[in-house]
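Contents: one structure, followed by commentary.
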Amino acid sequence: MAKQYETVIGLEVHVELATKTKIFCGCSTEFGGAPNTHTCPVCTGMPGSLPVLNKQVVEYAMAVGLATNCGINQYCKFDRKNYFYPDNPQNYQISQLYLPICHDGFVEIETAAGRKQVGIHEIHMEEDAGKLIHDEWEDCSLVDYNRSGVPLIEIVSEPDMRSAEEVIAYLDKLRLIIQYLGASDCKLQEGSMRADVNLSVREVGAPEFGTRTEMKNLNSFKAIARAIEGERERQIELIEEGKAVIQETRRWDDNKEYSYAMRSKEDAQDYRYFPDPDLVPVVISDEWLEEIRQKQPELRTEKLERYKKEFEIPEYDAGIITGTKKMADIFEETTAICGKPKKVSNWLMGETLRLLSEANKTPEDIKFSPKNLAKLINLVESGTINNSVAKDVFEKVFAEDIAPDKYVEEKGLKTVNDEGALRAKIQEIVAANPQSVEDYHNGKEKAIGFLVGQTMKAMQGKANPGMVNKILKEIL
Amino acid sequence: MNSMDLTAVGLGRKIKAKEISVEQAVKDALEQIRQSEEVYNCYVTVDEEGALAQAKKVQGLIGDGTLTGPLAGVPVAIKDNMCTRGLRTTCSSKILDNFIPTYTAQAVENLEAAGAVILGKTNMDEFAMGSTTETSAYGPTKNPRNPQHVPGGSSGGSCAAVAAKECSYALGSDTGGSIRQPSSFCGVTGIKPTYGTVSRYGLIAYGSSLDQIGPVAKDVTDCATILEVISSYDKKDSTSVERKDCKFTEALVDDVKGMRIGIPKDYFGEGLDREVKEAVLAAAKVLEAKGAVVEEFDLSLVDYAIPAYYTIASAEASSNLSRFDGVKYGYRAKEYEGLHSMYKKSRSEGFGPEVKRRIMLGSFVLSSGYYDAYYLKALRTKALIKKAFDKAFEKYDVILGPAAPTTAPKLGESLSDPLKMYLGDIYTISVNLAGLPGMTVPCGTDSKGLPIGLQLIGDCFREHNIIRAGYAYECSREAK
């Protein structure tokens with residue numbers, strides 16, 4: 001009988017923080033920009049330059065730590081991680097090893113298998129490296145230090161996950177928490193969130209963990225899921241063949257769906273960590289910690305509960321709306337303006353999601369403003385336009401964020417509520433469709449639908465459907 | 001009269017009184033450089049053109065009343081490990097032979113704002129690693145008191161330039177005695193201030209937790225005046241301290257009545273030259289005669305200072321110097337095959353033997369498995385040494401001792417025996433480990449005519465005490 005294996009996974013997640021300036025100098029963190037334009041003596045490792053810590057980095061790290069139930073080291077330090085590489089201008093990275101800012105936390109995840117806690121070993125602050133560009137044509141390499149010194153936090157989990165599904169749930173949870181805190185936009189594709197997967201397998205019931213490998217270069221949730229599956233199979237195969245899994249770092253190639261060994265533990269570098277003498281220890285006072293605690297925004301779980309209670313939104317809908325901070329923000333702002341949470345929810349759950357999925361976009365890409373959605377809802381609710389017109393108008397709002405009131409005015413899309421005019425038009429329709437009138441009188445209820453449709457068509461969709469129904473029945 | 005015979009403050013006064021022009025002062029310095037530089041080799045780079053241009057500019061600013069400070073127009077020499085925008089900065093290393101900084105060190109900026117005119121950059125031990133200025137890639141500096149002898153180091157170029165009157169005053173840096181020991185050897189006065197007093201921004205780091213910039217000059221008044229100008233709280237340096245008590249010239253008072261002076265017995269044991277010992281104890285007698293209460297005591301832990309220092313400083317240096325890799329600036333090997341070969345060749349060819357020795361030592365003590373045994377132990381020793389000083393300063397205002405166990409050795413004597421050279425730092429390095437201020441004041445010569453230096457050590461942020469003691473001693477010395 002085939003042996004049963006269990007996958008044991010721990011994650012190292014790097015998150016680029018949304019500060020305006022870099023972690024140790026005043027240079028902009030803005031993405032793009034001509035190479036080496038967001039640089040200064042500090043982030044290019046000029047002789048004699050010195051780092052000065054950006055306070056906002058500490059505050060974001062604390063906020064993430066608190067939101068993930070971590071203890072905060074109120075006395076923490078920065079250490080130098082020494083290694084030579086051209087993207088690293090000082091040839092050491094300023095990071096935290098001995099006293100990281102956050103430790104021993106957890107987040108709760110939910111999968112088909114139920115709820116569970118994933119432990120967080122630590123969160124530390126560090127600086128990002130520059131970017132190497134290899135010019136094959138000129139046979140040389142160029143370095144761009146714009147990204148050098150961009151602040152990162154690294155969130156190190158405990159080896160608590162057992163499947164790709166749990167890993168995705170954990171990453172999604174982290175992403176939501178961090179986005180809600182405003183600490184990062186957490187985009188995997190753009191590299192503002194990066195995950196390295198530590199994975200080992202063992203026979204179900206085995207007391208010890210197996211030898212693990214670390215997988216790098218995972219740029220999407222799908223790549224992570226594939227890489228986990230691939231690595232699990234590779235390790236099981238080795239074990240079944242009686243071979244040993246080697247502790248090593250591997251690089252995942254998502255196109256080939258295979259990982260390649262980068263370096264093994266034997267030739268792992270000795271980073272010669274030691275406390276950075278250019279930086280003083282970070283001392284976090286009780287007051288400062290309390291201030292951050294007080295400023296913590298409402299996170300997803302709390303928001304979801306509140307939506308259900310306060311706005312009477314169904315669990316499923318509340319789940320989707322709070323699934324991204326962008327959606328939740330639009331929901332709340334629109335509701336605040338128009339006061340109709342259920343209508344807002346309907347527009348987001350229905351038309352918005354439909355148009356997003358058609359365009360292959362995510363809620364983060366939403367361009368329309370809460371103000372214009374609120375106006376549209378008010379136009380419908382006041383009977384100024386009917387639902388079908390509203391859907392057309394919303395497409396314009398969604399695409400161009402137009403002001404719906406002006407648009408409706410300009411295009412003459414207002415519902416016709418003039419009963420006299422409507423009655424005259426309906427009489428024309430009835431007269432022109434004797435067959436349908438007869439069918440109706442013969443008990444074919446459906447026939448009235450046709451007449452309504454004809455009326456709406458004649459009215460260019462602007463008639464009040466309730467009124468059309470009423471008048472039709474009277475005439476018939 | 002040559003304006004380089006004057007003290008910096010004396011020259012500043014004459015410039016203000018329009019008795020000497022800034023240009024004349026700069027020309028006097030340049031003339032002296034022309035005459036004696038071939039023998040002494042105090043400078044790596046002399047910026048004649050820049051200095052003369054700056055002289056004109058500063059003269060104008062003095063004329064229109066913009067610059068009124070005591071150092072306005074006075075020519076200065078800067079140790080070659082402080083960045084100067086547009087002016088080559090080498091750390092006396094081949095690896096930075098072509099390095100022209102894009103910015104100026106904060107301490108130098110403070111001097112420039114006070115109207116200093118920079119003559120050039122002074123020679124030093126490569127990356128400040130050495131005690132003789134012989135490890136420089138640009139040849140050794142000779143001691144102006146006797147060119148057969150070394151000037152000390154690592155700020156040997158700065159101290160020799162002051163002694164040779166090739167500048168009015170100079171800036172040095174002190175990681176383990178690099179201002180105080182060469183000041184002693186060259187017969188000039190130098191202060192290493194409390195760690196955090198002078199910004200390190202723009203000082204090319206050797207041992208970051210120990211490095212401090214300080215003045216080298218002809219007397220205590222000059223040193224106090226210069227220190228007052230270069231001290232500043234600098235947000236660009238996280239280890240900079242916001243001090244409200246930087247009016248060091250206020251301590252220039254000839255009065256030590258009741259001042260408590262401690263003489264550590266540990267500083268007068270084996271290895272101390274007899275003539276140095278006698279001269280230093282005679283200086284103590286002078287202060288005692290002026291009303292100071294002088295007493296011997298046991299400092300303890302002195303033997304542990306050298307191993308702790310060389311562990312910490314080398315560890316930090318091994319990391320600080322890793323940025324010199326041929327990628328961004330500085331020397332790159334001509335021929336190499338791939339990245340690692342470029343790193344290896346550039347660094348092998350660019351660094352001298354003493355620097356390599358310390359990089360290897362530092363890398364070793366930080367490597368995994370040895371970190372606790374060496375580096376952490378050294379940090380604990382450092383903390384204990386600080387404690388021992390704290391205890392001593394409960395009883396004393398000033399600790400008095402020699403700056404170095406001997407007078408200047410002959411050229412070439414030290415290089416063959418680095419361990420002996422390291423031991424020569426025994427009286428100065430504890431001061432860096434504890435972050436204290438220390439000053440060297442000349443206190444006579446030995447039978448060969450070589451200068452002897454008296455070292456005065458104060459508690460953290462108590463430069464005033466050592467300046468007062470030094471000034472009082474100097475007043476009596478001059479009177480003799």
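Ordering of the structure tokens sets the chain letters (A, B, ...), residue numbers begin anew at 1 in every chain, and ligands are numbered from 1 in the order given.
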Select from stretch 305-448 of chain B everything DSSP, run on the backbone, classes as alpha helix (DSSP H), then give the selection as a compact mmCIF listing (two decimals) with C-alpha atoms, in the first residue's frame.
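Saved to result_3.txt:
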# COMPACT_ATOMS: atom_id res chain seq x y z
CA ALA B 305 41.37 46.82 26.03
CA ILE B 306 43.67 45.88 23.15
CA PRO B 307 42.07 42.53 22.26
CA ALA B 308 38.57 44.01 22.68
CA TYR B 309 39.48 46.98 20.49
CA TYR B 310 41.05 45.00 17.68
CA THR B 311 38.10 42.61 17.66
CA ILE B 312 35.42 45.32 17.49
CA ALA B 313 37.24 47.72 15.19
CA SER B 314 38.27 44.97 12.76
CA ALA B 315 34.78 43.46 12.75
CA GLU B 316 33.20 46.79 11.87
CA ALA B 317 35.95 47.56 9.37
CA SER B 318 35.50 44.23 7.57
CA SER B 319 31.90 45.23 6.87
CA ASN B 320 32.51 48.97 6.35
CA GLY B 338 33.37 37.59 -14.34
CA LEU B 339 32.01 39.20 -11.22
CA HIS B 340 33.84 37.27 -8.52
CA SER B 341 37.16 37.64 -10.24
CA MET B 342 36.53 41.39 -10.49
CA TYR B 343 35.77 41.59 -6.76
CA LYS B 344 38.79 39.51 -5.79
CA LYS B 345 41.29 41.19 -8.06
CA SER B 346 40.08 44.73 -7.42
CA ARG B 347 40.25 44.24 -3.66
CA SER B 348 43.48 42.23 -3.69
CA GLU B 349 45.21 44.87 -5.78
CA GLY B 350 43.49 47.87 -4.19
CA PRO B 353 48.54 44.41 3.68
CA GLU B 354 47.46 46.00 6.99
CA VAL B 355 43.95 46.62 5.70
CA LYS B 356 43.73 43.05 4.42
CA ARG B 357 44.95 41.76 7.78
CA ARG B 358 42.18 43.62 9.61
CA ILE B 359 39.48 42.65 7.09
CA MET B 360 40.47 39.01 7.56
CA LEU B 361 40.55 39.35 11.33
CA GLY B 362 37.18 41.10 11.33
CA SER B 363 35.58 38.57 9.00
CA PHE B 364 36.87 35.78 11.19
CA VAL B 365 35.51 37.14 14.48
CA LEU B 366 32.09 37.68 12.90
CA LYS B 377 32.82 38.86 24.31
CA ALA B 378 34.59 41.98 23.06
CA LEU B 379 31.35 43.96 23.34
CA ARG B 380 30.95 42.77 26.93
CA THR B 381 34.54 43.76 27.65
CA LYS B 382 33.83 47.18 26.17
CA ALA B 383 30.88 47.58 28.54
CA LEU B 384 33.04 46.55 31.52
CA ILE B 385 35.74 49.05 30.55
CA LYS B 386 33.10 51.79 30.40
CA LYS B 387 31.96 50.74 33.86
CA ALA B 388 35.51 50.95 35.21
CA PHE B 389 35.80 54.50 33.88
CA ASP B 390 32.38 55.41 35.28
CA LYS B 391 33.61 54.31 38.66
CA ALA B 392 36.81 56.32 38.31
CA PHE B 393 34.92 59.45 37.30
CA GLU B 394 32.87 59.27 40.45
CA LYS B 395 36.13 60.24 42.16
CA PRO B 418 52.34 44.59 13.90
CA LEU B 419 51.63 43.12 17.31
CA LYS B 420 54.10 45.52 18.88
CA MET B 421 52.47 48.34 16.98
CA TYR B 422 49.06 47.29 18.32
CA LEU B 423 50.41 47.32 21.88
CA ILE B 429 42.09 52.76 22.93
CA SER B 430 40.16 52.37 26.21
CA VAL B 431 39.06 55.97 25.73
CA ASN B 432 37.45 55.07 22.39
CA LEU B 433 35.92 51.90 23.79
If the cut-off is 8 Å, can you tell me the residues of chain A near chain B, counting only C-alpha atoms? I'd like them as a ChimeraX atom specification.
/A:41,45,47-52,82,84,86,89-92,270-274,277-280
Can you spit out the residues from that selection as an mmCIF file, in the first residue's frame, using C-alpha atoms?
data_model
loop_
_atom_site.group_PDB
_atom_site.id
_atom_site.type_symbol
_atom_site.label_atom_id
_atom_site.label_comp_id
_atom_site.auth_asym_id
_atom_site.auth_seq_id
_atom_site.Cartn_x
_atom_site.Cartn_y
_atom_site.Cartn_z
ATOM 1 C CA PRO A 41 24.998 59.049 -1.200
ATOM 2 C CA GLY A 45 26.621 53.235 -0.575
ATOM 3 C CA PRO A 47 31.912 56.250 1.350
ATOM 4 C CA GLY A 48 31.145 58.172 4.540
ATOM 5 C CA SER A 49 27.375 58.148 4.148
ATOM 6 C CA LEU A 50 25.242 57.067 7.099
ATOM 7 C CA PRO A 51 21.742 55.615 7.445
ATOM 8 C CA VAL A 52 18.973 57.339 9.419
ATOM 9 C CA ASN A 82 27.132 40.879 4.799
ATOM 10 C CA PHE A 84 28.762 40.732 -1.998
ATOM 11 C CA PRO A 86 26.358 44.522 -7.169
ATOM 12 C CA PRO A 89 25.726 48.986 -2.886
ATOM 13 C CA GLN A 90 27.287 48.621 0.565
ATOM 14 C CA ASN A 91 27.737 44.892 0.152
ATOM 15 C CA TYR A 92 25.726 44.474 3.311
ATOM 16 C CA ASP A 270 28.029 33.001 6.107
ATOM 17 C CA TYR A 271 26.384 36.399 6.383
ATOM 18 C CA ARG A 272 28.474 37.457 9.395
ATOM 19 C CA TYR A 273 25.542 39.261 10.988
ATOM 20 C CA PHE A 274 26.375 41.864 13.606
ATOM 21 C CA PRO A 277 27.005 50.435 14.606
ATOM 22 C CA ASP A 278 25.679 53.302 12.470
ATOM 23 C CA LEU A 279 22.169 52.939 13.858
ATOM 24 C CA VAL A 280 21.020 53.302 17.431
#
Selected residue of minimal separation from B:Phe461 among B:Glu478, B:Gly330, B:Val198, B:Val276, counting only C-alpha atoms
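Closest candidate: B:Val198.
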Nearest residue to B:Gly258 out of B:Leu6, B:Ile191, B:Leu287, B:Ile78, using only C-alpha atoms?
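Using only C-alpha atoms, the shortest distance to B:Gly258 belongs to B:Leu287.
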Going by DSSP on the backbone, which bits of stretch 194-351 of chain B are strand (DSSP E)? Write them as a list in words, please.
Gln212, Ile213, Gly214, Pro215, Val216, Ala217, Arg260, Ile261, Gly262, Ile263, Pro264, Val293, Val294, Glu295, Glu296 and Phe297 of chain B
Given the selection you just returned, output its residues as a file containing C-alpha atoms, formatted as an mmCIF file, in the first residue's frame.
data_model
loop_
_atom_site.group_PDB
_atom_site.id
_atom_site.type_symbol
_atom_site.label_atom_id
_atom_site.label_comp_id
_atom_site.auth_asym_id
_atom_site.auth_seq_id
_atom_site.Cartn_x
_atom_site.Cartn_y
_atom_site.Cartn_z
ATOM 1 C CA GLN B 212 35.404 60.518 16.058
ATOM 2 C CA ILE B 213 36.719 63.552 14.214
ATOM 3 C CA GLY B 214 38.746 66.043 16.235
ATOM 4 C CA PRO B 215 41.107 69.006 15.975
ATOM 5 C CA VAL B 216 44.901 68.960 15.753
ATOM 6 C CA ALA B 217 46.593 72.301 16.451
ATOM 7 C CA ARG B 260 40.491 66.027 41.212
ATOM 8 C CA ILE B 261 43.015 64.294 39.001
ATOM 9 C CA GLY B 262 43.437 60.524 38.999
ATOM 10 C CA ILE B 263 46.578 58.768 37.786
ATOM 11 C CA PRO B 264 45.881 55.157 36.850
ATOM 12 C CA VAL B 293 44.304 67.171 43.960
ATOM 13 C CA VAL B 294 46.361 64.438 42.314
ATOM 14 C CA GLU B 295 46.020 60.828 43.382
ATOM 15 C CA GLU B 296 46.944 57.377 42.073
ATOM 16 C CA PHE B 297 44.302 54.688 41.604
#
Give me the residues near stretch 301-307 of chain A as a list in words, where near means some atom within 9 Å (using only C-alpha atoms) and where sequence neighbours in that chain fewer than 3 positions away do not count.
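Everything that qualifies: Glu298, Glu310, Phe311, Glu312, Ile313, Pro314, Glu315, Ala318, Gly319, Ile321, Thr322 and Ala328 of chain A.
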Do you have the atom CA of A:Glu257-atom CA of A:Gln235 distance handy?
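Rounded to one decimal, the two atoms are 14.9 Å apart.
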So that I can check the surroundings of A:Asn464, please list as a ChimeraX atom specification every protein, DNA and RNA residue that reaches within 12 Å of it, counting only C-alpha atoms and ignoring chain neighbours fewer than 6 positions away.
/A:380,382-389,413-419,422-423,452-453,455-456,470-471
Between atom CA of B:Val46 and atom CA of B:Arg85 - distance in Å to one decimal
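Interatomic distance here is 14.4 Å.
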Neighbouring residues of B:Glu49 were defined as those with any atom within 12 Å, considering only C-alpha atoms; residues of the same chain fewer than 2 positions away were excluded. Please report them as a ChimeraX atom specification.
/B:23,26-27,30,45-47,51-56,87,117-120
When you look at stretch 352-356 of chain A with a cut-off of 9 Å (counting only C-alpha atoms), what residues show up, excluding the ones that are within fewer than 4 positions of it in the same chain? I need them as a PyMOL selection string.
chain A and resi 346-348+360-363+365-366+394-395+398
Please dump the current selection as a PDB file, in the first residue's frame; keep C-alpha atoms.
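Result file result22.pdb:
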ATOM      1  CA  ASN A 346     -26.200  45.540  -5.203  1.00  0.00           C
ATOM      2  CA  TRP A 347     -24.346  47.802  -7.623  1.00  0.00           C
ATOM      3  CA  LEU A 348     -20.981  46.529  -6.382  1.00  0.00           C
ATOM      4  CA  ASN A 360     -10.119  40.983 -16.550  1.00  0.00           C
ATOM      5  CA  LYS A 361      -9.476  43.475 -13.764  1.00  0.00           C
ATOM      6  CA  THR A 362      -9.478  43.431  -9.969  1.00  0.00           C
ATOM      7  CA  PRO A 363     -11.321  45.739  -7.568  1.00  0.00           C
ATOM      8  CA  ASP A 365      -8.450  48.889 -10.616  1.00  0.00           C
ATOM      9  CA  ILE A 366     -11.819  50.553  -9.967  1.00  0.00           C
ATOM     10  CA  PHE A 394     -23.334  52.938 -14.958  1.00  0.00           C
ATOM     11  CA  GLU A 395     -21.186  51.565 -17.770  1.00  0.00           C
ATOM     12  CA  PHE A 398     -17.494  52.654 -14.527  1.00  0.00           C
TER      13      PHE A 398
END
